[in-house]
file run02.cif (mmCIF, C-alpha atoms and all ligand atoms)
data_input
#
loop_
_atom_site.group_PDB
_atom_site.id
_atom_site.type_symbol
_atom_site.label_atom_id
_atom_site.label_comp_id
_atom_site.auth_asym_id
_atom_site.auth_seq_id
_atom_site.Cartn_x
_atom_site.Cartn_y
_atom_site.Cartn_z
ATOM 1 C CA MET X 29 -102.466 -12.979 -125.380
ATOM 2 C CA THR X 30 -105.550 -15.218 -124.959
ATOM 3 C CA ASP X 31 -106.551 -16.534 -121.495
ATOM 4 C CA ARG X 32 -105.536 -20.021 -122.595
ATOM 5 C CA LEU X 33 -102.038 -18.906 -123.652
ATOM 6 C CA SER X 34 -101.470 -16.867 -120.497
ATOM 7 C CA ARG X 35 -102.545 -19.811 -118.321
ATOM 8 C CA LEU X 36 -100.175 -22.050 -120.311
ATOM 9 C CA ALA X 37 -97.342 -19.545 -119.811
ATOM 10 C CA GLN X 38 -98.094 -19.343 -116.082
ATOM 11 C CA SER X 39 -98.179 -23.144 -115.813
ATOM 12 C CA TRP X 40 -94.747 -23.483 -117.418
ATOM 13 C CA ASP X 41 -93.427 -20.656 -115.215
ATOM 14 C CA GLN X 42 -94.384 -22.750 -112.189
ATOM 15 C CA ALA X 43 -93.112 -25.987 -113.731
ATOM 16 C CA ALA X 44 -89.791 -24.792 -115.139
ATOM 17 C CA GLU X 45 -87.262 -25.659 -112.400
ATOM 18 C CA GLY X 46 -88.757 -29.091 -111.763
ATOM 19 C CA TYR X 47 -89.188 -29.750 -115.498
ATOM 20 C CA GLU X 48 -85.443 -29.311 -115.970
ATOM 21 C CA GLN X 49 -84.741 -31.800 -113.183
ATOM 22 C CA TYR X 50 -87.372 -34.481 -113.832
ATOM 23 C CA PHE X 51 -88.265 -34.412 -117.511
ATOM 24 C CA VAL X 52 -85.191 -33.074 -119.340
ATOM 25 C CA PRO X 53 -83.035 -36.144 -118.547
ATOM 26 C CA ARG X 54 -85.918 -38.508 -119.408
ATOM 27 C CA PHE X 55 -86.681 -36.725 -122.695
ATOM 28 C CA ALA X 56 -83.003 -36.486 -123.735
ATOM 29 C CA PRO X 57 -83.046 -39.365 -126.293
ATOM 30 C CA TRP X 58 -85.816 -37.672 -128.291
ATOM 31 C CA VAL X 59 -83.986 -34.329 -128.203
ATOM 32 C CA ARG X 60 -80.919 -36.071 -129.584
ATOM 33 C CA THR X 61 -82.957 -37.706 -132.347
ATOM 34 C CA ALA X 62 -84.448 -34.352 -133.374
ATOM 35 C CA VAL X 63 -81.072 -32.597 -133.489
ATOM 36 C CA ASP X 64 -79.403 -35.532 -135.282
ATOM 37 C CA THR X 65 -82.160 -35.448 -137.902
ATOM 38 C CA LEU X 66 -81.477 -31.786 -138.613
ATOM 39 C CA GLY X 67 -78.160 -32.911 -140.157
ATOM 40 C CA SER X 68 -75.434 -30.494 -141.169
ATOM 41 C CA SER X 69 -76.143 -29.846 -144.835
ATOM 42 C CA LEU X 70 -78.084 -26.625 -144.506
ATOM 43 C CA PRO X 71 -78.211 -23.274 -146.290
ATOM 44 C CA ASP X 72 -77.068 -20.060 -144.621
ATOM 45 C CA GLY X 73 -79.196 -18.622 -141.864
ATOM 46 C CA PRO X 74 -80.097 -19.106 -138.210
ATOM 47 C CA ILE X 75 -81.435 -22.243 -136.544
ATOM 48 C CA LEU X 76 -84.645 -21.668 -134.617
ATOM 49 C CA VAL X 77 -85.915 -23.738 -131.699
ATOM 50 C CA PRO X 78 -89.600 -22.956 -131.027
ATOM 51 C CA CYS X 79 -90.913 -24.072 -127.608
ATOM 52 C CA CYS X 80 -87.336 -24.475 -126.339
ATOM 53 C CA GLY X 81 -88.268 -24.609 -122.635
ATOM 54 C CA THR X 82 -84.996 -24.698 -120.704
ATOM 55 C CA PHE X 83 -83.284 -25.226 -124.107
ATOM 56 C CA PRO X 84 -81.778 -28.745 -123.806
ATOM 57 C CA GLU X 85 -81.496 -28.757 -127.630
ATOM 58 C CA LEU X 86 -78.742 -26.135 -127.300
ATOM 59 C CA ASP X 87 -76.287 -28.550 -125.633
ATOM 60 C CA LEU X 88 -76.283 -30.546 -128.886
ATOM 61 C CA LEU X 89 -76.705 -27.695 -131.366
ATOM 62 C CA ALA X 90 -73.959 -25.396 -130.087
ATOM 63 C CA PRO X 91 -70.995 -27.747 -130.708
ATOM 64 C CA ARG X 92 -72.367 -28.756 -134.130
ATOM 65 C CA PHE X 93 -73.108 -25.257 -135.341
ATOM 66 C CA PRO X 94 -70.430 -23.056 -133.731
ATOM 67 C CA ASP X 95 -70.757 -20.309 -136.345
ATOM 68 C CA ARG X 96 -74.541 -20.166 -136.623
ATOM 69 C CA LYS X 97 -76.981 -17.885 -134.908
ATOM 70 C CA LEU X 98 -79.043 -20.179 -132.628
ATOM 71 C CA VAL X 99 -82.373 -18.850 -131.354
ATOM 72 C CA GLY X 100 -84.690 -20.390 -128.760
ATOM 73 C CA LEU X 101 -88.273 -19.147 -128.466
ATOM 74 C CA ASP X 102 -90.642 -19.821 -125.573
ATOM 75 C CA LEU X 103 -93.828 -18.452 -124.086
ATOM 76 C CA SER X 104 -92.859 -18.795 -120.430
ATOM 77 C CA ALA X 105 -90.738 -16.105 -118.744
ATOM 78 C CA GLU X 106 -89.304 -18.608 -116.278
ATOM 79 C CA MET X 107 -88.393 -21.076 -119.041
ATOM 80 C CA VAL X 108 -86.746 -18.210 -120.910
ATOM 81 C CA ARG X 109 -84.769 -17.259 -117.786
ATOM 82 C CA LEU X 110 -83.459 -20.833 -117.418
ATOM 83 C CA ALA X 111 -82.790 -21.068 -121.158
ATOM 84 C CA ARG X 112 -80.751 -17.854 -121.031
ATOM 85 C CA ASN X 113 -78.776 -19.245 -118.081
ATOM 86 C CA ARG X 114 -78.004 -22.328 -120.152
ATOM 87 C CA ALA X 115 -77.197 -20.312 -123.264
ATOM 88 C CA GLY X 116 -74.695 -17.885 -121.798
ATOM 89 C CA GLY X 117 -73.497 -16.106 -124.920
ATOM 90 C CA LEU X 118 -74.045 -19.106 -127.211
ATOM 91 C CA ALA X 119 -77.616 -18.354 -128.256
ATOM 92 C CA GLU X 120 -80.369 -15.782 -128.233
ATOM 93 C CA VAL X 121 -83.598 -16.614 -126.362
ATOM 94 C CA VAL X 122 -86.790 -14.779 -127.272
ATOM 95 C CA GLN X 123 -89.925 -14.760 -125.119
ATOM 96 C CA GLY X 124 -93.216 -14.960 -127.018
ATOM 97 C CA ASP X 125 -95.775 -17.079 -128.820
ATOM 98 C CA ALA X 126 -93.989 -19.405 -131.260
ATOM 99 C CA GLY X 127 -97.265 -20.611 -132.745
ATOM 100 C CA ARG X 128 -96.948 -18.243 -135.716
ATOM 101 C CA LEU X 129 -93.353 -17.373 -136.605
ATOM 102 C CA ASP X 130 -92.463 -14.409 -138.761
ATOM 103 C CA PRO X 131 -91.225 -15.674 -142.185
ATOM 104 C CA GLY X 132 -88.695 -12.837 -142.049
ATOM 105 C CA TRP X 133 -86.492 -15.117 -139.884
ATOM 106 C CA GLY X 134 -85.168 -16.769 -143.092
ATOM 107 C CA ALA X 135 -84.031 -19.831 -141.138
ATOM 108 C CA ALA X 136 -81.674 -22.587 -142.255
ATOM 109 C CA GLY X 137 -83.285 -25.008 -139.827
ATOM 110 C CA VAL X 138 -86.079 -25.311 -137.292
ATOM 111 C CA VAL X 139 -86.026 -27.965 -134.601
ATOM 112 C CA SER X 140 -88.712 -28.330 -131.964
ATOM 113 C CA VAL X 141 -89.245 -31.001 -129.329
ATOM 114 C CA PHE X 142 -92.441 -31.573 -127.334
ATOM 115 C CA GLY X 143 -93.944 -28.156 -128.028
ATOM 116 C CA LEU X 144 -96.175 -28.680 -131.077
ATOM 117 C CA GLN X 145 -98.926 -30.547 -129.183
ATOM 118 C CA GLN X 146 -99.218 -27.583 -126.824
ATOM 119 C CA LEU X 147 -99.998 -24.988 -129.457
ATOM 120 C CA PRO X 148 -103.597 -23.776 -129.760
ATOM 121 C CA ASP X 149 -103.399 -24.552 -133.500
ATOM 122 C CA PRO X 150 -100.623 -27.110 -134.152
ATOM 123 C CA VAL X 151 -101.471 -27.349 -137.860
ATOM 124 C CA ALA X 152 -100.989 -23.619 -138.438
ATOM 125 C CA GLY X 153 -97.938 -23.803 -136.148
ATOM 126 C CA ILE X 154 -96.091 -26.469 -138.127
ATOM 127 C CA ARG X 155 -96.868 -24.635 -141.374
ATOM 128 C CA SER X 156 -95.428 -21.416 -139.994
ATOM 129 C CA TRP X 157 -92.316 -23.288 -138.839
ATOM 130 C CA TYR X 158 -91.923 -24.539 -142.409
ATOM 131 C CA ASP X 159 -92.607 -21.132 -143.936
ATOM 132 C CA VAL X 160 -89.676 -19.525 -142.062
ATOM 133 C CA LEU X 161 -87.221 -21.829 -143.855
ATOM 134 C CA ARG X 162 -85.013 -20.692 -146.684
ATOM 135 C CA PRO X 163 -84.869 -22.909 -149.779
ATOM 136 C CA GLY X 164 -82.942 -26.053 -148.842
ATOM 137 C CA GLY X 165 -83.719 -25.601 -145.125
ATOM 138 C CA ARG X 166 -84.970 -28.402 -142.890
ATOM 139 C CA LEU X 167 -87.677 -28.635 -140.224
ATOM 140 C CA CYS X 168 -87.507 -31.393 -137.568
ATOM 141 C CA VAL X 169 -90.393 -31.696 -135.136
ATOM 142 C CA VAL X 170 -90.864 -34.246 -132.382
ATOM 143 C CA TYR X 171 -94.139 -34.151 -130.481
ATOM 144 C CA TRP X 172 -96.223 -36.345 -128.209
ATOM 145 C CA PRO X 173 -99.202 -37.750 -130.099
ATOM 146 C CA GLU X 174 -102.523 -38.010 -128.265
ATOM 147 C CA VAL X 175 -101.880 -41.768 -127.969
ATOM 148 C CA ALA X 176 -98.206 -42.301 -127.136
ATOM 149 C CA GLU X 177 -98.671 -45.800 -125.688
ATOM 150 C CA GLU X 178 -101.368 -48.404 -125.058
ATOM 151 C CA SER X 179 -100.410 -48.931 -121.414
ATOM 152 C CA GLY X 180 -98.053 -47.188 -119.015
ATOM 153 C CA PRO X 181 -97.921 -43.933 -117.058
ATOM 154 C CA PHE X 182 -98.897 -41.706 -120.001
ATOM 155 C CA ALA X 183 -101.787 -43.974 -121.058
ATOM 156 C CA LEU X 184 -103.130 -44.109 -117.520
ATOM 157 C CA LEU X 185 -103.003 -40.327 -117.223
ATOM 158 C CA ASP X 186 -104.940 -40.018 -120.492
ATOM 159 C CA LYS X 187 -107.471 -42.514 -119.159
ATOM 160 C CA VAL X 188 -108.172 -40.619 -115.926
ATOM 161 C CA VAL X 189 -108.046 -37.168 -117.554
ATOM 162 C CA GLY X 190 -110.001 -38.184 -120.670
ATOM 163 C CA HIS X 191 -108.656 -38.298 -124.219
ATOM 164 C CA ALA X 192 -108.282 -35.075 -126.157
ATOM 165 C CA ASP X 193 -109.139 -34.681 -129.828
ATOM 166 C CA SER X 194 -106.404 -36.012 -132.127
ATOM 167 C CA ALA X 195 -107.860 -35.031 -135.524
ATOM 168 C CA TRP X 196 -105.226 -32.303 -135.930
ATOM 169 C CA GLU X 197 -102.482 -34.923 -136.160
ATOM 170 C CA ASP X 198 -103.817 -36.190 -139.498
ATOM 171 C CA ALA X 199 -103.749 -32.640 -140.837
ATOM 172 C CA LEU X 200 -100.028 -32.012 -140.193
ATOM 173 C CA ILE X 201 -98.536 -33.581 -143.328
ATOM 174 C CA PRO X 202 -101.225 -32.162 -145.664
ATOM 175 C CA ALA X 203 -100.481 -28.722 -144.156
ATOM 176 C CA LEU X 204 -96.874 -29.086 -145.306
ATOM 177 C CA ASP X 205 -97.926 -28.986 -148.938
ATOM 178 C CA GLY X 206 -94.875 -28.420 -151.168
ATOM 179 C CA ALA X 207 -92.393 -29.836 -148.640
ATOM 180 C CA VAL X 208 -90.183 -32.845 -149.261
ATOM 181 C CA ILE X 209 -91.236 -35.282 -146.526
ATOM 182 C CA GLU X 210 -88.043 -36.992 -145.373
ATOM 183 C CA ARG X 211 -89.270 -38.765 -142.236
ATOM 184 C CA ASP X 212 -92.591 -39.360 -140.567
ATOM 185 C CA GLU X 213 -92.294 -42.078 -137.946
ATOM 186 C CA LEU X 214 -92.804 -43.004 -134.312
ATOM 187 C CA VAL X 215 -89.698 -42.961 -132.128
ATOM 188 C CA SER X 216 -89.650 -44.909 -128.879
ATOM 189 C CA TYR X 217 -87.162 -45.034 -126.005
ATOM 190 C CA PRO X 218 -87.423 -46.485 -122.508
ATOM 191 C CA MET X 219 -88.326 -44.136 -119.670
ATOM 192 C CA VAL X 220 -88.173 -45.011 -115.958
ATOM 193 C CA HIS X 221 -90.126 -43.445 -113.086
ATOM 194 C CA PRO X 222 -89.415 -44.185 -109.392
ATOM 195 C CA ASP X 223 -93.116 -45.022 -108.967
ATOM 196 C CA ALA X 224 -96.562 -43.930 -110.110
ATOM 197 C CA ALA X 225 -96.859 -41.169 -107.508
ATOM 198 C CA ALA X 226 -93.510 -39.686 -108.561
ATOM 199 C CA TYR X 227 -94.657 -39.522 -112.186
ATOM 200 C CA PHE X 228 -98.100 -38.107 -111.366
ATOM 201 C CA ASP X 229 -96.612 -35.453 -109.090
ATOM 202 C CA ALA X 230 -93.988 -34.521 -111.693
ATOM 203 C CA ALA X 231 -96.649 -34.174 -114.402
ATOM 204 C CA ASN X 232 -98.772 -32.053 -112.071
ATOM 205 C CA LEU X 233 -96.080 -29.838 -110.547
ATOM 206 C CA HIS X 234 -93.414 -29.803 -113.265
ATOM 207 C CA GLY X 235 -95.119 -30.852 -116.461
ATOM 208 C CA PRO X 236 -98.078 -30.714 -118.805
ATOM 209 C CA LEU X 237 -100.748 -31.301 -116.144
ATOM 210 C CA ARG X 238 -99.924 -27.953 -114.483
ATOM 211 C CA ALA X 239 -102.082 -25.947 -116.911
ATOM 212 C CA ARG X 240 -105.095 -28.150 -116.176
ATOM 213 C CA ALA X 241 -104.380 -27.887 -112.437
ATOM 214 C CA LEU X 242 -104.477 -24.082 -112.695
ATOM 215 C CA GLU X 243 -107.731 -24.269 -114.633
ATOM 216 C CA ARG X 244 -109.538 -26.874 -112.493
ATOM 217 C CA GLY X 245 -108.096 -26.423 -108.995
ATOM 218 C CA ASP X 246 -106.702 -28.532 -106.141
ATOM 219 C CA ALA X 247 -109.784 -30.688 -105.465
ATOM 220 C CA TYR X 248 -109.862 -31.836 -109.100
ATOM 221 C CA ILE X 249 -106.161 -32.770 -108.994
ATOM 222 C CA ALA X 250 -106.559 -34.611 -105.663
ATOM 223 C CA ASP X 251 -109.388 -36.689 -107.161
ATOM 224 C CA LEU X 252 -107.362 -37.353 -110.330
ATOM 225 C CA ARG X 253 -104.345 -38.431 -108.269
ATOM 226 C CA ALA X 254 -106.410 -40.858 -106.182
ATOM 227 C CA ARG X 255 -107.950 -42.435 -109.300
ATOM 228 C CA TYR X 256 -104.518 -42.612 -110.981
ATOM 229 C CA LEU X 257 -102.822 -44.334 -108.046
ATOM 230 C CA ALA X 258 -105.717 -46.750 -107.580
ATOM 231 C CA GLU X 259 -105.065 -48.174 -111.053
ATOM 232 C CA ALA X 260 -101.261 -47.866 -111.180
ATOM 233 C CA PRO X 261 -98.776 -50.666 -110.432
ATOM 234 C CA VAL X 262 -96.637 -50.521 -107.308
ATOM 235 C CA GLY X 263 -92.915 -49.696 -107.485
ATOM 236 C CA GLU X 264 -90.594 -48.554 -110.264
ATOM 237 C CA TRP X 265 -92.389 -48.067 -113.569
ATOM 238 C CA THR X 266 -90.675 -48.461 -116.949
ATOM 239 C CA HIS X 267 -92.409 -47.759 -120.244
ATOM 240 C CA HIS X 268 -91.629 -47.125 -123.920
ATOM 241 C CA PRO X 269 -93.712 -44.164 -125.129
ATOM 242 C CA ARG X 270 -93.705 -43.306 -128.830
ATOM 243 C CA ALA X 271 -93.217 -39.748 -130.031
ATOM 244 C CA ARG X 272 -93.825 -38.724 -133.629
ATOM 245 C CA LEU X 273 -90.883 -37.392 -135.620
ATOM 246 C CA ILE X 274 -91.604 -35.320 -138.724
ATOM 247 C CA ALA X 275 -88.659 -34.088 -140.810
ATOM 248 C CA VAL X 276 -89.185 -32.120 -144.007
ATOM 249 C CA ARG X 277 -87.043 -30.108 -146.352
ATOM 250 C CA LYS X 278 -87.851 -27.060 -148.423
ATOM 251 C CA GLN X 279 -86.796 -27.603 -152.024
ATOM 252 C CA PRO X 280 -83.590 -25.724 -152.938
ATOM 253 C CA ASN X 281 -84.088 -23.049 -155.595
ATOM 254 C CA ARG X 282 -83.777 -24.449 -159.115
ATOM 255 C CA GLY X 283 -80.138 -24.945 -160.070
ATOM 256 C CA GLU X 284 -78.966 -24.111 -156.556
ATOM 257 C CA ALA X 285 -77.084 -26.836 -154.670
ATOM 258 C CA THR X 286 -76.956 -26.734 -150.889
ATOM 259 C CA PRO X 287 -73.292 -26.869 -149.850
ATOM 260 C CA PRO X 288 -72.605 -28.743 -146.615
ATOM 261 C CA THR X 289 -71.951 -26.248 -143.825
ATOM 262 C CA SER X 290 -71.753 -26.542 -140.089
HETATM 263 C C1 LIG B 301 -92.604 -29.865 -122.761
HETATM 264 S S1 LIG B 301 -91.741 -28.340 -122.847
HETATM 265 C C2 LIG B 301 -90.470 -28.754 -124.024
HETATM 266 C C3 LIG B 301 -89.215 -27.967 -123.834
HETATM 267 C C4 LIG B 301 -87.980 -28.443 -124.614
HETATM 268 N N1 LIG B 301 -88.159 -28.305 -126.039
HETATM 269 C C5 LIG B 301 -87.611 -29.858 -124.251
HETATM 270 O O1 LIG B 301 -87.609 -30.721 -125.130
HETATM 271 O O2 LIG B 301 -87.325 -30.121 -123.070
HETATM 272 C C6 LIG B 301 -92.869 -27.370 -123.820
HETATM 273 C C7 LIG B 301 -92.486 -25.903 -123.883
HETATM 274 O O3 LIG B 301 -93.312 -25.298 -124.880
HETATM 275 C C8 LIG B 301 -93.577 -23.970 -124.473
HETATM 276 N N2 LIG B 301 -94.740 -23.488 -125.213
HETATM 277 C C9 LIG B 301 -96.005 -23.950 -125.192
HETATM 278 N N3 LIG B 301 -96.783 -23.236 -126.028
HETATM 279 C C10 LIG B 301 -95.987 -22.294 -126.601
HETATM 280 C C11 LIG B 301 -96.201 -21.261 -127.554
HETATM 281 N N4 LIG B 301 -97.411 -21.046 -128.093
HETATM 282 N N5 LIG B 301 -95.147 -20.496 -127.916
HETATM 283 C C12 LIG B 301 -93.911 -20.700 -127.375
HETATM 284 N N6 LIG B 301 -93.663 -21.662 -126.461
HETATM 285 C C13 LIG B 301 -94.685 -22.463 -126.083
HETATM 286 C C14 LIG B 301 -93.779 -24.076 -122.972
HETATM 287 O O4 LIG B 301 -93.621 -22.832 -122.312
HETATM 288 C C15 LIG B 301 -92.724 -25.117 -122.600
HETATM 289 O O5 LIG B 301 -91.533 -24.484 -122.209
#

call {"tool": "encode", "arguments": {"input": "run02.cif", "output": "structure tokens", "more": "lines below"}}
Ligand SMILES: C[S@@+](CC[C@H](N)C(=O)[O-])C[C@H]1O[C@@H](n2cnc3c(N)ncnc32)[C@H](O)[C@@H]1O
result
Amino acid sequence: MTDRLSRLAQSWDQAAEGYEQYFVPRFAPWVRTAVDTLGSSLPDGPILVPCCGTFPELDLLAPRFPDRKLVGLDLSAEMVRLARNRAGGLAEVVQGDAGRLDPGWGAAGVVSVFGLQQLPDPVAGIRSWYDVLRPGGRLCVVYWPEVAEESGPFALLDKVVGHADSAWEDALIPALDGAVIERDELVSYPMVHPDAAAYFDAANLHGPLRARALERGDAYIADLRARYLAEAPVGEWTHHPRARLIAVRKQPNRGEATPPTS
């Protein structure tokens, strides 16, 4: 594993318990959208959930697909432990890099929420998630784009941290050459934070800022926090960030219909 991937794994190990408490309820509407978009008309085969974290997708997948093999995959040992607690006997959870999946999975569906933007190579990642599908299978990905809002807690964090490169986002659809593009749109829901400090601390201790904190250290984070709070409004903070939903289907084999299954 590269240094970057092991630091990412370590950051999500540290974040996992708090992520489940702070972010999972706030991200729930996007998880529901992703699972709803997967539909029920799928070929035989397992449903894979790359970057499953604590596996909130499973609460929606398990009742809809009682007879399917459901598989979560995540880099972080602590996320995998919490995902296995959630899964009980309902799903398998595999620890490892989901950035390049083995096409041997022969999946009916792949659904992934808020993991793609974390991969070292999201373009290769989304292609590999498509390549594991059987004919007629569907891939549903929801991820945070580099610009998820013009103002609000996410935008302010981007401003104080500095924008990352977003060129890879334009390369996602071209990388899915051969796929039937069913949806490519921005999906927005309201999200509420008790105040700016609560959001910053959650992002730092339980979220995506943890990896940068491990890389840059406490003094960097203290400076970032001071600059963030200096520009943030006082009190409860509501915003409407936009995530990108991409749903594609692999063409069924010629002459082969896809019977509805559940
Ligand atoms: C923001 S969480 C999303 C978790 C869950 N899907 C949800 O919606 O709550 C991102 C997850 O992606 C995982 N992750 C990041 N890079 C990964 C990789 N290369 N392979 C597998 N998992 C990865 C992290 O460990 C983390 O659990």

call {"tool": "residues_near_ligand", "arguments": {"input": "run02.cif", "ligand": "ligand LIG 301 (chain B)", "cutoff": "7 Å", "atoms": "all atoms listed in the file", "output": "NGL selection string"}}
result
:X and (33 or 36-37 or 40 or 52 or 55 or 59 or 78-85 or 101-104 or 107 or 124-127 or 140-143 or 146-148 or 235-236)

call {"tool": "write_last_selection", "arguments": {"input": "run02.cif", "atoms": "C-alpha atoms", "output": "short mmCIF file (atom, residue, chain, number, x, y, z; two decimals), in the frame of the given file"}}
result
data_model
loop_
_atom_site.label_atom_id
_atom_site.label_comp_id
_atom_site.auth_asym_id
_atom_site.auth_seq_id
_atom_site.Cartn_x
_atom_site.Cartn_y
_atom_site.Cartn_z
CA LEU X 33 -102.04 -18.91 -123.65
CA LEU X 36 -100.18 -22.05 -120.31
CA ALA X 37 -97.34 -19.55 -119.81
CA TRP X 40 -94.75 -23.48 -117.42
CA VAL X 52 -85.19 -33.07 -119.34
CA PHE X 55 -86.68 -36.72 -122.70
CA VAL X 59 -83.99 -34.33 -128.20
CA PRO X 78 -89.60 -22.96 -131.03
CA CYS X 79 -90.91 -24.07 -127.61
CA CYS X 80 -87.34 -24.48 -126.34
CA GLY X 81 -88.27 -24.61 -122.64
CA THR X 82 -85.00 -24.70 -120.70
CA PHE X 83 -83.28 -25.23 -124.11
CA PRO X 84 -81.78 -28.74 -123.81
CA GLU X 85 -81.50 -28.76 -127.63
CA LEU X 101 -88.27 -19.15 -128.47
CA ASP X 102 -90.64 -19.82 -125.57
CA LEU X 103 -93.83 -18.45 -124.09
CA SER X 104 -92.86 -18.80 -120.43
CA MET X 107 -88.39 -21.08 -119.04
CA GLY X 124 -93.22 -14.96 -127.02
CA ASP X 125 -95.78 -17.08 -128.82
CA ALA X 126 -93.99 -19.40 -131.26
CA GLY X 127 -97.26 -20.61 -132.74
CA SER X 140 -88.71 -28.33 -131.96
CA VAL X 141 -89.24 -31.00 -129.33
CA PHE X 142 -92.44 -31.57 -127.33
CA GLY X 143 -93.94 -28.16 -128.03
CA GLN X 146 -99.22 -27.58 -126.82
CA LEU X 147 -100.00 -24.99 -129.46
CA PRO X 148 -103.60 -23.78 -129.76
CA GLY X 235 -95.12 -30.85 -116.46
CA PRO X 236 -98.08 -30.71 -118.80
#

call {"tool": "residues_near_point", "arguments": {"input": "run02.cif", "point": "(-83.0, -14.4, -127.2)", "cutoff": "7 Å", "atoms": "all atoms listed in the file", "output": "MDAnalysis selection string"}}
result
chainID X and resid 99:100 119:122

call {"tool": "closest_residue", "arguments": {"input": "run02.cif", "among": "X:Cys168, X:Trp133, X:Asp149, X:Gln123", "to": "Arg109 (chain X)", "atoms": "all atoms listed in the file"}}
result
X:Gln123

call {"tool": "closest_residue", "arguments": {"input": "run02.cif", "among": "X:Leu88, X:Val138, X:Val151, X:Ala254", "to": "Leu70 (chain X)", "atoms": "all atoms listed in the file"}}
result
X:Val138

call {"tool": "closest_residue", "arguments": {"input": "run02.cif", "among": "X:Asp246, X:Asp229, X:Glu213, X:Asp223", "to": "Ala62 (chain X)", "atoms": "only C-alpha atoms"}}
result
X:Glu213

call {"tool": "resolve_selection", "arguments": {"input": "run02.cif", "expression": "the PyMOL selection byres (((chain X and resi 184) around 12) and not hetatm)", "output": "ChimeraX atom specification"}}
result
/X:175-183,185-191,224,227-228,252-253,255-261,267

call {"tool": "build_atoms", "arguments": {"input": "run02.cif", "residues": "region 180-196 of chain X", "atoms": "N, CA and C atoms", "output": "short mmCIF file (atom, residue, chain, number, x, y, z; two decimals), in the coordinates of the input"}}
result
data_model
loop_
_atom_site.label_atom_id
_atom_site.label_comp_id
_atom_site.auth_asym_id
_atom_site.auth_seq_id
_atom_site.Cartn_x
_atom_site.Cartn_y
_atom_site.Cartn_z
N GLY X 180 -99.20 -47.86 -119.61
CA GLY X 180 -98.05 -47.19 -119.02
C GLY X 180 -98.51 -45.89 -118.37
N PRO X 181 -97.57 -45.15 -117.81
CA PRO X 181 -97.92 -43.93 -117.06
C PRO X 181 -98.65 -42.88 -117.89
N PHE X 182 -98.24 -42.73 -119.17
CA PHE X 182 -98.90 -41.71 -120.00
C PHE X 182 -100.33 -42.15 -120.33
N ALA X 183 -100.46 -43.46 -120.69
CA ALA X 183 -101.79 -43.97 -121.06
C ALA X 183 -102.75 -43.87 -119.88
N LEU X 184 -102.24 -44.17 -118.69
CA LEU X 184 -103.13 -44.11 -117.52
C LEU X 184 -103.55 -42.66 -117.24
N LEU X 185 -102.63 -41.74 -117.43
CA LEU X 185 -103.00 -40.33 -117.22
C LEU X 185 -104.09 -39.91 -118.23
N ASP X 186 -103.91 -40.32 -119.48
CA ASP X 186 -104.94 -40.02 -120.49
C ASP X 186 -106.28 -40.62 -120.08
N LYS X 187 -106.22 -41.83 -119.53
CA LYS X 187 -107.47 -42.51 -119.16
C LYS X 187 -108.20 -41.74 -118.06
N VAL X 188 -107.47 -41.30 -117.03
CA VAL X 188 -108.17 -40.62 -115.93
C VAL X 188 -108.54 -39.17 -116.29
N VAL X 189 -107.74 -38.55 -117.15
CA VAL X 189 -108.05 -37.17 -117.55
C VAL X 189 -109.13 -37.16 -118.62
N GLY X 190 -109.09 -38.16 -119.52
CA GLY X 190 -110.00 -38.18 -120.67
C GLY X 190 -109.22 -37.78 -121.90
N HIS X 191 -109.41 -38.55 -122.99
CA HIS X 191 -108.66 -38.30 -124.22
C HIS X 191 -109.02 -36.96 -124.84
N ALA X 192 -108.03 -36.31 -125.40
CA ALA X 192 -108.28 -35.08 -126.16
C ALA X 192 -108.48 -35.44 -127.63
N ASP X 193 -108.92 -34.49 -128.39
CA ASP X 193 -109.14 -34.68 -129.83
C ASP X 193 -107.78 -34.82 -130.54
N SER X 194 -107.68 -35.82 -131.43
CA SER X 194 -106.40 -36.01 -132.13
C SER X 194 -106.51 -35.76 -133.63
N ALA X 195 -107.64 -35.21 -134.08
CA ALA X 195 -107.86 -35.03 -135.52
C ALA X 195 -106.77 -34.16 -136.15
N TRP X 196 -106.24 -33.22 -135.39
CA TRP X 196 -105.23 -32.30 -135.93
C TRP X 196 -103.97 -33.05 -136.39
#
